[in-house]
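Notes follow once the structure below has been shown.
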Amino acid sequence: LKKSVKLYHERRDLLCGLLEQELKGVISFRKPAGGMAVWARFDEQYPLPAIAARVSAKGLFMTDGANYSYGTSNHNALRFGFASLNEKEMREAVAIIKQVI
């Protein structure tokens, strides 16, 4: 259990570091104390449905955020899971997002 917790903390820290370095000003988030995902809100000038379509064309599946919106409320946000991703996959995912923006 301790090894698993350590691994997930390392993955969380890596993802948060990548988001801060590569997507500053595009995505806002808070480093989660627990869980296996980061709640990432995209700046309104970067509509998530358009970004999701562009990253899909590059082989990265990313939700368009519709599941997290309700009524007239559009959060332009998604749950960015890190638990199942290794370092290479996280770096590639963030690089693709940065590339399409």
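Letters for chains follow the order of the structure tokens (A, B, ...), residue numbers begin at 1 for each chain, and ligand numbers begin at 1 in the order shown.
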Set out as a tab-separated table a contact list for segment 25-60 of chain A and segment 73-85 of chain A with a cut-off of 9 Å, giving each residue of segment 25-60 of chain A that qualifies its closest atom pair and distance in Å to one decimal, counting only C-alpha atoms, ordered by chain and rising residue number.
```
residue	atom	partner	partner_atom	distance
A:Ile27	CA	A:Ala77	CA	8.7
A:Gly35	CA	A:Ala83	CA	8.8
A:Met36	CA	A:Ala83	CA	5.3
A:Ala37	CA	A:Gly81	CA	4.0
A:Val38	CA	A:Phe80	CA	5.0
A:Trp39	CA	A:Arg79	CA	4.7
A:Ala40	CA	A:Leu78	CA	5.5
A:Arg41	CA	A:Ala77	CA	4.1
A:Phe42	CA	A:Asn76	CA	5.7
A:Asp43	CA	A:Asn76	CA	7.5
A:Glu44	CA	A:Asn76	CA	6.9
A:Tyr46	CA	A:Asn76	CA	8.4
A:Pro47	CA	A:Asn76	CA	6.6
A:Leu48	CA	A:Asn76	CA	5.7
A:Pro49	CA	A:Asn76	CA	8.4
```
Inset, instruction - Please provide as a list in words all residues within 9 Å of Lys98 of chain A, with the sequence filter that same-chain residues fewer than 4 positions apart are discarded (counting only C-alpha atoms). - result: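 Final neighbour list, sorted by chain and number: Glu22, Leu23, Ala93 and Val94 of chain A.
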Which of chain A end up as helix (DSSP H, G or I) when DSSP is run on this backbone - answer as an mmCIF file with all heavy atoms, in the first residue's frame?
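So the final result, stored in states13.cif, reads:
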```
data_model
loop_
_atom_site.group_PDB
_atom_site.id
_atom_site.type_symbol
_atom_site.label_atom_id
_atom_site.label_comp_id
_atom_site.auth_asym_id
_atom_site.auth_seq_id
_atom_site.Cartn_x
_atom_site.Cartn_y
_atom_site.Cartn_z
ATOM 1 N N LYS A 2 1.938 1.251 0.791
ATOM 2 C CA LYS A 2 2.824 2.420 0.849
ATOM 3 C C LYS A 2 3.486 2.669 -0.505
ATOM 4 O O LYS A 2 3.637 3.818 -0.921
ATOM 5 C CB LYS A 2 3.894 2.246 1.928
ATOM 6 C CG LYS A 2 3.360 2.396 3.327
ATOM 7 C CD LYS A 2 4.468 2.259 4.341
ATOM 8 C CE LYS A 2 3.905 2.384 5.744
ATOM 9 N NZ LYS A 2 4.953 2.324 6.763
ATOM 10 N N LYS A 3 3.875 1.588 -1.192
ATOM 11 C CA LYS A 3 4.486 1.732 -2.509
ATOM 12 C C LYS A 3 3.493 2.329 -3.499
ATOM 13 O O LYS A 3 3.857 3.177 -4.315
ATOM 14 C CB LYS A 3 4.982 0.384 -3.028
ATOM 15 C CG LYS A 3 6.234 -0.116 -2.363
ATOM 16 C CD LYS A 3 6.667 -1.431 -2.964
ATOM 17 C CE LYS A 3 7.892 -1.974 -2.254
ATOM 18 N NZ LYS A 3 8.324 -3.249 -2.841
ATOM 19 N N SER A 4 2.242 1.884 -3.430
ATOM 20 C CA SER A 4 1.219 2.399 -4.337
ATOM 21 C C SER A 4 0.957 3.877 -4.096
ATOM 22 O O SER A 4 0.875 4.665 -5.037
ATOM 23 C CB SER A 4 -0.092 1.625 -4.176
ATOM 24 O OG SER A 4 0.078 0.295 -4.583
ATOM 25 N N VAL A 5 0.840 4.250 -2.836
ATOM 26 C CA VAL A 5 0.595 5.657 -2.492
ATOM 27 C C VAL A 5 1.756 6.516 -2.978
ATOM 28 O O VAL A 5 1.546 7.585 -3.567
ATOM 29 C CB VAL A 5 0.368 5.825 -0.969
ATOM 30 C CG1 VAL A 5 0.372 7.297 -0.571
ATOM 31 C CG2 VAL A 5 -0.937 5.165 -0.555
ATOM 32 N N LYS A 6 2.962 6.039 -2.768
ATOM 33 C CA LYS A 6 4.153 6.781 -3.225
ATOM 34 C C LYS A 6 4.136 6.943 -4.746
ATOM 35 O O LYS A 6 4.393 8.038 -5.273
ATOM 36 C CB LYS A 6 5.421 6.056 -2.789
ATOM 37 C CG LYS A 6 6.690 6.785 -3.175
ATOM 38 C CD LYS A 6 7.925 6.035 -2.714
ATOM 39 C CE LYS A 6 9.161 6.833 -3.074
ATOM 40 N NZ LYS A 6 10.132 6.108 -3.818
ATOM 41 N N LEU A 7 3.816 5.869 -5.459
ATOM 42 C CA LEU A 7 3.762 5.920 -6.922
ATOM 43 C C LEU A 7 2.720 6.927 -7.402
ATOM 44 O O LEU A 7 2.991 7.736 -8.288
ATOM 45 C CB LEU A 7 3.453 4.530 -7.489
ATOM 46 C CG LEU A 7 3.258 4.450 -9.001
ATOM 47 C CD1 LEU A 7 4.563 4.781 -9.722
ATOM 48 C CD2 LEU A 7 2.756 3.074 -9.384
ATOM 49 N N TYR A 8 1.526 6.897 -6.815
ATOM 50 C CA TYR A 8 0.471 7.825 -7.241
ATOM 51 C C TYR A 8 0.827 9.266 -6.909
ATOM 52 O O TYR A 8 0.519 10.182 -7.668
ATOM 53 C CB TYR A 8 -0.878 7.432 -6.656
ATOM 54 C CG TYR A 8 -1.396 6.139 -7.233
ATOM 55 C CD1 TYR A 8 -1.908 5.144 -6.428
ATOM 56 C CD2 TYR A 8 -1.358 5.903 -8.608
ATOM 57 C CE1 TYR A 8 -2.369 3.947 -6.962
ATOM 58 C CE2 TYR A 8 -1.811 4.713 -9.160
ATOM 59 C CZ TYR A 8 -2.321 3.742 -8.321
ATOM 60 O OH TYR A 8 -2.774 2.569 -8.869
ATOM 61 N N HIS A 9 1.488 9.486 -5.780
ATOM 62 C CA HIS A 9 1.932 10.851 -5.449
ATOM 63 C C HIS A 9 2.975 11.331 -6.456
ATOM 64 O O HIS A 9 2.947 12.500 -6.870
ATOM 65 C CB HIS A 9 2.489 10.911 -4.031
ATOM 66 C CG HIS A 9 1.432 10.951 -2.986
ATOM 67 N ND1 HIS A 9 1.705 10.964 -1.641
ATOM 68 C CD2 HIS A 9 0.073 10.972 -3.070
ATOM 69 C CE1 HIS A 9 0.585 10.999 -0.959
ATOM 70 N NE2 HIS A 9 -0.419 10.990 -1.805
ATOM 71 N N GLU A 10 3.878 10.446 -6.848
ATOM 72 C CA GLU A 10 4.876 10.814 -7.857
ATOM 73 C C GLU A 10 4.212 11.155 -9.182
ATOM 74 O O GLU A 10 4.583 12.139 -9.838
ATOM 75 C CB GLU A 10 5.880 9.677 -8.051
ATOM 76 C CG GLU A 10 6.821 9.493 -6.886
ATOM 77 C CD GLU A 10 7.659 8.222 -6.982
ATOM 78 O OE1 GLU A 10 7.458 7.410 -7.915
ATOM 79 O OE2 GLU A 10 8.519 8.029 -6.097
ATOM 80 N N ARG A 11 3.233 10.358 -9.584
ATOM 81 C CA ARG A 11 2.521 10.630 -10.840
ATOM 82 C C ARG A 11 1.739 11.932 -10.749
ATOM 83 O O ARG A 11 1.732 12.723 -11.685
ATOM 84 C CB ARG A 11 1.590 9.462 -11.175
ATOM 85 C CG ARG A 11 2.345 8.231 -11.602
ATOM 86 C CD ARG A 11 1.429 7.088 -11.930
ATOM 87 N NE ARG A 11 2.217 5.931 -12.335
ATOM 88 C CZ ARG A 11 1.705 4.765 -12.656
ATOM 89 N NH1 ARG A 11 0.400 4.574 -12.639
ATOM 90 N NH2 ARG A 11 2.479 3.759 -12.996
ATOM 91 N N ARG A 12 1.070 12.159 -9.631
ATOM 92 C CA ARG A 12 0.325 13.411 -9.436
ATOM 93 C C ARG A 12 1.266 14.608 -9.528
ATOM 94 O O ARG A 12 0.986 15.584 -10.218
ATOM 95 C CB ARG A 12 -0.363 13.396 -8.066
ATOM 96 C CG ARG A 12 -1.076 14.705 -7.720
ATOM 97 C CD ARG A 12 -1.219 14.916 -6.248
ATOM 98 N NE ARG A 12 0.071 14.955 -5.580
ATOM 99 C CZ ARG A 12 0.217 14.792 -4.279
ATOM 100 N NH1 ARG A 12 -0.815 14.555 -3.496
ATOM 101 N NH2 ARG A 12 1.425 14.862 -3.738
ATOM 102 N N ASP A 13 2.405 14.514 -8.844
ATOM 103 C CA ASP A 13 3.359 15.626 -8.833
ATOM 104 C C ASP A 13 3.932 15.878 -10.225
ATOM 105 O O ASP A 13 4.111 17.035 -10.622
ATOM 106 C CB ASP A 13 4.474 15.363 -7.830
ATOM 107 C CG ASP A 13 3.977 15.367 -6.388
ATOM 108 O OD1 ASP A 13 2.839 15.816 -6.139
ATOM 109 O OD2 ASP A 13 4.730 14.898 -5.510
ATOM 110 N N LEU A 14 4.204 14.809 -10.956
ATOM 111 C CA LEU A 14 4.715 14.970 -12.317
ATOM 112 C C LEU A 14 3.684 15.665 -13.193
ATOM 113 O O LEU A 14 3.999 16.628 -13.898
ATOM 114 C CB LEU A 14 5.093 13.617 -12.924
ATOM 115 C CG LEU A 14 5.515 13.662 -14.392
ATOM 116 C CD1 LEU A 14 6.761 14.519 -14.583
ATOM 117 C CD2 LEU A 14 5.731 12.265 -14.936
ATOM 118 N N LEU A 15 2.443 15.198 -13.148
ATOM 119 C CA LEU A 15 1.406 15.819 -13.978
ATOM 120 C C LEU A 15 1.220 17.284 -13.609
ATOM 121 O O LEU A 15 1.172 18.142 -14.490
ATOM 122 C CB LEU A 15 0.079 15.066 -13.856
ATOM 123 C CG LEU A 15 -1.068 15.697 -14.642
ATOM 124 C CD1 LEU A 15 -0.769 15.715 -16.146
ATOM 125 C CD2 LEU A 15 -2.368 14.977 -14.369
ATOM 126 N N CYS A 16 1.138 17.573 -12.330
ATOM 127 C CA CYS A 16 0.964 18.969 -11.910
ATOM 128 C C CYS A 16 2.135 19.828 -12.367
ATOM 129 O O CYS A 16 1.940 20.961 -12.822
ATOM 130 C CB CYS A 16 0.775 19.050 -10.396
ATOM 131 S SG CYS A 16 -0.808 18.392 -9.834
ATOM 132 N N GLY A 17 3.328 19.308 -12.285
ATOM 133 C CA GLY A 17 4.507 20.042 -12.754
ATOM 134 C C GLY A 17 4.444 20.300 -14.250
ATOM 135 O O GLY A 17 4.748 21.408 -14.717
ATOM 136 N N LEU A 18 4.044 19.287 -15.007
ATOM 137 C CA LEU A 18 3.921 19.460 -16.461
ATOM 138 C C LEU A 18 2.859 20.494 -16.809
ATOM 139 O O LEU A 18 3.059 21.328 -17.696
ATOM 140 C CB LEU A 18 3.579 18.119 -17.127
ATOM 141 C CG LEU A 18 4.690 17.085 -17.159
ATOM 142 C CD1 LEU A 18 4.144 15.731 -17.599
ATOM 143 C CD2 LEU A 18 5.810 17.538 -18.082
ATOM 144 N N LEU A 19 1.729 20.432 -16.126
ATOM 145 C CA LEU A 19 0.657 21.401 -16.400
ATOM 146 C C LEU A 19 1.115 22.818 -16.087
ATOM 147 O O LEU A 19 0.839 23.750 -16.835
ATOM 148 C CB LEU A 19 -0.602 21.047 -15.603
ATOM 149 C CG LEU A 19 -1.290 19.734 -15.972
ATOM 150 C CD1 LEU A 19 -2.469 19.470 -15.046
ATOM 151 C CD2 LEU A 19 -1.728 19.719 -17.428
ATOM 152 N N GLU A 20 1.831 22.979 -14.975
ATOM 153 C CA GLU A 20 2.333 24.304 -14.603
ATOM 154 C C GLU A 20 3.358 24.810 -15.607
ATOM 155 O O GLU A 20 3.351 25.982 -15.974
ATOM 156 C CB GLU A 20 2.959 24.254 -13.206
ATOM 157 C CG GLU A 20 1.955 24.142 -12.103
ATOM 158 C CD GLU A 20 2.587 23.934 -10.730
ATOM 159 O OE1 GLU A 20 3.830 23.761 -10.631
ATOM 160 O OE2 GLU A 20 1.834 23.933 -9.753
ATOM 161 N N GLN A 21 4.257 23.947 -16.047
ATOM 162 C CA GLN A 21 5.332 24.363 -16.948
ATOM 163 C C GLN A 21 4.860 24.572 -18.381
ATOM 164 O O GLN A 21 5.235 25.553 -19.035
ATOM 165 C CB GLN A 21 6.446 23.313 -16.967
ATOM 166 C CG GLN A 21 7.201 23.196 -15.684
ATOM 167 C CD GLN A 21 8.099 21.954 -15.671
ATOM 168 O OE1 GLN A 21 8.158 21.207 -16.635
ATOM 169 N NE2 GLN A 21 8.779 21.726 -14.566
ATOM 170 N N GLU A 22 4.061 23.653 -18.867
ATOM 171 C CA GLU A 22 3.722 23.639 -20.284
ATOM 172 C C GLU A 22 2.405 24.322 -20.629
ATOM 173 O O GLU A 22 2.221 24.770 -21.762
ATOM 174 C CB GLU A 22 3.684 22.196 -20.798
ATOM 175 C CG GLU A 22 4.966 21.411 -20.577
ATOM 176 C CD GLU A 22 6.159 21.990 -21.315
ATOM 177 O OE1 GLU A 22 5.978 22.560 -22.411
ATOM 178 O OE2 GLU A 22 7.287 21.878 -20.787
ATOM 179 N N LEU A 48 -12.881 23.776 -24.740
ATOM 180 C CA LEU A 48 -12.530 22.376 -24.590
ATOM 181 C C LEU A 48 -13.042 21.485 -25.724
ATOM 182 O O LEU A 48 -12.300 20.607 -26.177
ATOM 183 C CB LEU A 48 -13.013 21.874 -23.232
ATOM 184 C CG LEU A 48 -12.439 20.593 -22.706
ATOM 185 C CD1 LEU A 48 -10.934 20.519 -22.815
ATOM 186 C CD2 LEU A 48 -12.867 20.391 -21.260
ATOM 187 N N PRO A 49 -14.258 21.677 -26.242
ATOM 188 C CA PRO A 49 -14.685 20.829 -27.360
ATOM 189 C C PRO A 49 -13.762 20.930 -28.580
ATOM 190 O O PRO A 49 -13.443 19.929 -29.215
ATOM 191 C CB PRO A 49 -16.091 21.342 -27.679
ATOM 192 C CG PRO A 49 -16.586 21.891 -26.381
ATOM 193 C CD PRO A 49 -15.363 22.515 -25.750
ATOM 194 N N ALA A 50 -13.287 22.118 -28.878
ATOM 195 C CA ALA A 50 -12.374 22.298 -30.014
ATOM 196 C C ALA A 50 -11.024 21.639 -29.736
ATOM 197 O O ALA A 50 -10.451 20.986 -30.611
ATOM 198 C CB ALA A 50 -12.190 23.780 -30.315
ATOM 199 N N ILE A 51 -10.531 21.794 -28.524
ATOM 200 C CA ILE A 51 -9.252 21.177 -28.163
ATOM 201 C C ILE A 51 -9.368 19.664 -28.215
ATOM 202 O O ILE A 51 -8.489 18.982 -28.747
ATOM 203 C CB ILE A 51 -8.793 21.653 -26.769
ATOM 204 C CG1 ILE A 51 -8.461 23.140 -26.806
ATOM 205 C CG2 ILE A 51 -7.586 20.851 -26.289
ATOM 206 C CD1 ILE A 51 -8.246 23.761 -25.453
ATOM 207 N N ALA A 52 -10.459 19.130 -27.677
ATOM 208 C CA ALA A 52 -10.665 17.677 -27.679
ATOM 209 C C ALA A 52 -10.686 17.125 -29.103
ATOM 210 O O ALA A 52 -10.130 16.055 -29.371
ATOM 211 C CB ALA A 52 -11.955 17.328 -26.942
ATOM 212 N N ALA A 53 -11.307 17.838 -30.016
ATOM 213 C CA ALA A 53 -11.352 17.391 -31.413
ATOM 214 C C ALA A 53 -9.960 17.404 -32.036
ATOM 215 O O ALA A 53 -9.581 16.473 -32.754
ATOM 216 C CB ALA A 53 -12.299 18.274 -32.219
ATOM 217 N N ARG A 54 -9.190 18.441 -31.752
ATOM 218 C CA ARG A 54 -7.844 18.539 -32.343
ATOM 219 C C ARG A 54 -6.878 17.495 -31.774
ATOM 220 O O ARG A 54 -6.080 16.928 -32.505
ATOM 221 C CB ARG A 54 -7.290 19.955 -32.174
ATOM 222 C CG ARG A 54 -8.027 20.967 -33.053
ATOM 223 C CD ARG A 54 -7.298 22.294 -33.140
ATOM 224 N NE ARG A 54 -7.149 22.978 -31.881
ATOM 225 C CZ ARG A 54 -7.891 24.002 -31.471
ATOM 226 N NH1 ARG A 54 -8.861 24.457 -32.230
ATOM 227 N NH2 ARG A 54 -7.674 24.563 -30.305
ATOM 228 N N VAL A 55 -6.965 17.227 -30.465
ATOM 229 C CA VAL A 55 -6.068 16.218 -29.899
ATOM 230 C C VAL A 55 -6.474 14.820 -30.358
ATOM 231 O O VAL A 55 -5.625 13.947 -30.510
ATOM 232 C CB VAL A 55 -5.942 16.287 -28.357
ATOM 233 C CG1 VAL A 55 -5.392 17.620 -27.913
ATOM 234 C CG2 VAL A 55 -7.230 15.942 -27.659
ATOM 235 N N SER A 56 -7.753 14.631 -30.599
ATOM 236 C CA SER A 56 -8.234 13.337 -31.097
ATOM 237 C C SER A 56 -7.615 13.019 -32.451
ATOM 238 O O SER A 56 -7.246 11.876 -32.727
ATOM 239 C CB SER A 56 -9.756 13.344 -31.196
ATOM 240 O OG SER A 56 -10.220 12.141 -31.735
ATOM 241 N N ALA A 66 -18.306 17.999 -21.710
ATOM 242 C CA ALA A 66 -19.772 18.072 -21.676
ATOM 243 C C ALA A 66 -20.356 17.344 -20.474
ATOM 244 O O ALA A 66 -21.372 17.773 -19.922
ATOM 245 C CB ALA A 66 -20.353 17.515 -22.971
ATOM 246 N N ASN A 67 -19.734 16.272 -20.046
ATOM 247 C CA ASN A 67 -20.243 15.515 -18.897
ATOM 248 C C ASN A 67 -20.167 16.306 -17.599
ATOM 249 O O ASN A 67 -20.823 15.961 -16.623
ATOM 250 C CB ASN A 67 -19.466 14.210 -18.717
ATOM 251 C CG ASN A 67 -19.757 13.218 -19.808
ATOM 252 O OD1 ASN A 67 -20.783 13.283 -20.472
ATOM 253 N ND2 ASN A 67 -18.846 12.292 -20.010
ATOM 254 N N TYR A 68 -19.360 17.347 -17.577
ATOM 255 C CA TYR A 68 -19.180 18.135 -16.364
ATOM 256 C C TYR A 68 -19.965 19.449 -16.401
ATOM 257 O O TYR A 68 -19.855 20.257 -15.491
ATOM 258 C CB TYR A 68 -17.690 18.412 -16.136
ATOM 259 C CG TYR A 68 -16.882 17.142 -16.086
ATOM 260 C CD1 TYR A 68 -16.015 16.806 -17.109
ATOM 261 C CD2 TYR A 68 -17.024 16.261 -15.032
ATOM 262 C CE1 TYR A 68 -15.285 15.625 -17.072
ATOM 263 C CE2 TYR A 68 -16.307 15.080 -14.981
ATOM 264 C CZ TYR A 68 -15.444 14.764 -16.007
ATOM 265 O OH TYR A 68 -14.738 13.595 -15.968
ATOM 266 N N GLU A 87 5.169 8.041 -16.936
ATOM 267 C CA GLU A 87 5.785 9.343 -17.196
ATOM 268 C C GLU A 87 5.771 9.696 -18.680
ATOM 269 O O GLU A 87 5.420 10.822 -19.060
ATOM 270 C CB GLU A 87 7.224 9.355 -16.679
ATOM 271 C CG GLU A 87 7.921 10.671 -16.908
ATOM 272 C CD GLU A 87 9.333 10.724 -16.340
ATOM 273 O OE1 GLU A 87 9.713 9.833 -15.550
ATOM 274 O OE2 GLU A 87 10.055 11.671 -16.690
ATOM 275 N N LYS A 88 6.131 8.750 -19.520
ATOM 276 C CA LYS A 88 6.174 9.005 -20.963
ATOM 277 C C LYS A 88 4.791 9.381 -21.491
ATOM 278 O O LYS A 88 4.653 10.328 -22.274
ATOM 279 C CB LYS A 88 6.698 7.762 -21.686
ATOM 280 C CG LYS A 88 6.790 7.925 -23.180
ATOM 281 C CD LYS A 88 7.292 6.651 -23.847
ATOM 282 C CE LYS A 88 7.315 6.868 -25.360
ATOM 283 N NZ LYS A 88 7.109 5.669 -26.100
ATOM 284 N N GLU A 89 3.774 8.659 -21.061
ATOM 285 C CA GLU A 89 2.410 8.934 -21.521
ATOM 286 C C GLU A 89 1.935 10.313 -21.073
ATOM 287 O O GLU A 89 1.284 11.030 -21.833
ATOM 288 C CB GLU A 89 1.461 7.849 -21.010
ATOM 289 C CG GLU A 89 1.709 6.497 -21.642
ATOM 290 C CD GLU A 89 1.002 5.367 -20.940
ATOM 291 O OE1 GLU A 89 0.766 5.435 -19.707
ATOM 292 O OE2 GLU A 89 0.687 4.374 -21.632
ATOM 293 N N MET A 90 2.263 10.696 -19.842
ATOM 294 C CA MET A 90 1.876 12.026 -19.361
ATOM 295 C C MET A 90 2.556 13.118 -20.164
ATOM 296 O O MET A 90 1.918 14.096 -20.561
ATOM 297 C CB MET A 90 2.231 12.178 -17.882
ATOM 298 C CG MET A 90 1.182 11.647 -16.961
ATOM 299 S SD MET A 90 1.552 12.109 -15.270
ATOM 300 C CE MET A 90 1.991 10.516 -14.633
ATOM 301 N N ARG A 91 3.843 12.944 -20.396
ATOM 302 C CA ARG A 91 4.584 13.947 -21.175
ATOM 303 C C ARG A 91 4.020 14.065 -22.591
ATOM 304 O O ARG A 91 3.878 15.173 -23.118
ATOM 305 C CB ARG A 91 6.066 13.608 -21.213
ATOM 306 C CG ARG A 91 6.757 13.790 -19.882
ATOM 307 C CD ARG A 91 8.260 13.552 -19.967
ATOM 308 N NE ARG A 91 8.876 13.605 -18.663
ATOM 309 C CZ ARG A 91 9.143 14.714 -17.993
ATOM 310 N NH1 ARG A 91 8.866 15.891 -18.529
ATOM 311 N NH2 ARG A 91 9.706 14.675 -16.801
ATOM 312 N N GLU A 92 3.697 12.932 -23.197
ATOM 313 C CA GLU A 92 3.136 12.941 -24.550
ATOM 314 C C GLU A 92 1.770 13.615 -24.572
ATOM 315 O O GLU A 92 1.487 14.421 -25.464
ATOM 316 C CB GLU A 92 3.014 11.514 -25.088
ATOM 317 C CG GLU A 92 4.345 10.885 -25.435
ATOM 318 C CD GLU A 92 4.240 9.418 -25.824
ATOM 319 O OE1 GLU A 92 3.146 8.824 -25.707
ATOM 320 O OE2 GLU A 92 5.272 8.854 -26.237
ATOM 321 N N ALA A 93 0.913 13.309 -23.602
ATOM 322 C CA ALA A 93 -0.425 13.899 -23.555
ATOM 323 C C ALA A 93 -0.353 15.422 -23.413
ATOM 324 O O ALA A 93 -1.013 16.162 -24.154
ATOM 325 C CB ALA A 93 -1.235 13.293 -22.410
ATOM 326 N N VAL A 94 0.460 15.890 -22.487
ATOM 327 C CA VAL A 94 0.596 17.339 -22.279
ATOM 328 C C VAL A 94 1.208 17.988 -23.517
ATOM 329 O O VAL A 94 0.779 19.081 -23.930
ATOM 330 C CB VAL A 94 1.401 17.635 -20.989
ATOM 331 C CG1 VAL A 94 1.721 19.112 -20.877
ATOM 332 C CG2 VAL A 94 0.627 17.161 -19.764
ATOM 333 N N ALA A 95 2.171 17.337 -24.132
ATOM 334 C CA ALA A 95 2.794 17.889 -25.340
ATOM 335 C C ALA A 95 1.773 18.013 -26.480
ATOM 336 O O ALA A 95 1.773 19.007 -27.213
ATOM 337 C CB ALA A 95 3.970 17.022 -25.785
ATOM 338 N N ILE A 96 0.907 17.038 -26.626
ATOM 339 C CA ILE A 96 -0.115 17.103 -27.682
ATOM 340 C C ILE A 96 -1.087 18.236 -27.399
ATOM 341 O O ILE A 96 -1.436 19.000 -28.302
ATOM 342 C CB ILE A 96 -0.857 15.748 -27.810
ATOM 343 C CG1 ILE A 96 0.081 14.694 -28.392
ATOM 344 C CG2 ILE A 96 -2.105 15.896 -28.684
ATOM 345 C CD1 ILE A 96 -0.472 13.277 -28.342
ATOM 346 N N ILE A 97 -1.521 18.375 -26.161
ATOM 347 C CA ILE A 97 -2.431 19.476 -25.811
ATOM 348 C C ILE A 97 -1.761 20.811 -26.107
ATOM 349 O O ILE A 97 -2.357 21.697 -26.737
ATOM 350 C CB ILE A 97 -2.866 19.392 -24.331
ATOM 351 C CG1 ILE A 97 -3.687 18.126 -24.095
ATOM 352 C CG2 ILE A 97 -3.651 20.633 -23.944
ATOM 353 C CD1 ILE A 97 -3.917 17.795 -22.626
ATOM 354 N N LYS A 98 -0.516 20.952 -25.697
ATOM 355 C CA LYS A 98 0.220 22.210 -25.936
ATOM 356 C C LYS A 98 0.350 22.473 -27.439
ATOM 357 O O LYS A 98 0.211 23.613 -27.885
ATOM 358 C CB LYS A 98 1.601 22.127 -25.291
ATOM 359 C CG LYS A 98 2.399 23.383 -25.424
ATOM 360 C CD LYS A 98 3.734 23.272 -24.727
ATOM 361 C CE LYS A 98 4.546 24.544 -24.899
ATOM 362 N NZ LYS A 98 5.845 24.433 -24.216
ATOM 363 N N GLN A 99 0.597 21.428 -28.197
ATOM 364 C CA GLN A 99 0.782 21.567 -29.636
ATOM 365 C C GLN A 99 -0.475 22.074 -30.344
ATOM 366 O O GLN A 99 -0.378 22.885 -31.256
ATOM 367 C CB GLN A 99 1.189 20.208 -30.210
ATOM 368 C CG GLN A 99 1.552 20.207 -31.664
ATOM 369 C CD GLN A 99 1.951 18.811 -32.126
ATOM 370 O OE1 GLN A 99 1.298 17.821 -31.781
ATOM 371 N NE2 GLN A 99 3.025 18.731 -32.877
ATOM 372 N N VAL A 100 -1.648 21.631 -29.919
ATOM 373 C CA VAL A 100 -2.875 22.027 -30.615
ATOM 374 C C VAL A 100 -3.396 23.387 -30.166
ATOM 375 O O VAL A 100 -4.257 23.974 -30.828
ATOM 376 C CB VAL A 100 -3.997 20.968 -30.487
ATOM 377 C CG1 VAL A 100 -3.530 19.640 -31.001
ATOM 378 C CG2 VAL A 100 -4.543 20.887 -29.081
#
```
Legend entry - Which of segment 14-100 of chain A DSSP labels strand (DSSP E), written as a PyMOL selection string: chain A and resi 27-28+37-42+77-81
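Atom CA of Val26 of chain A is found 15.1 Å from atom CA of Gly65 of chain A.
Reported to one decimal place, the separation of atom CA of Leu60 of chain A from atom CA of Arg30 of chain A is 23.2 Å.
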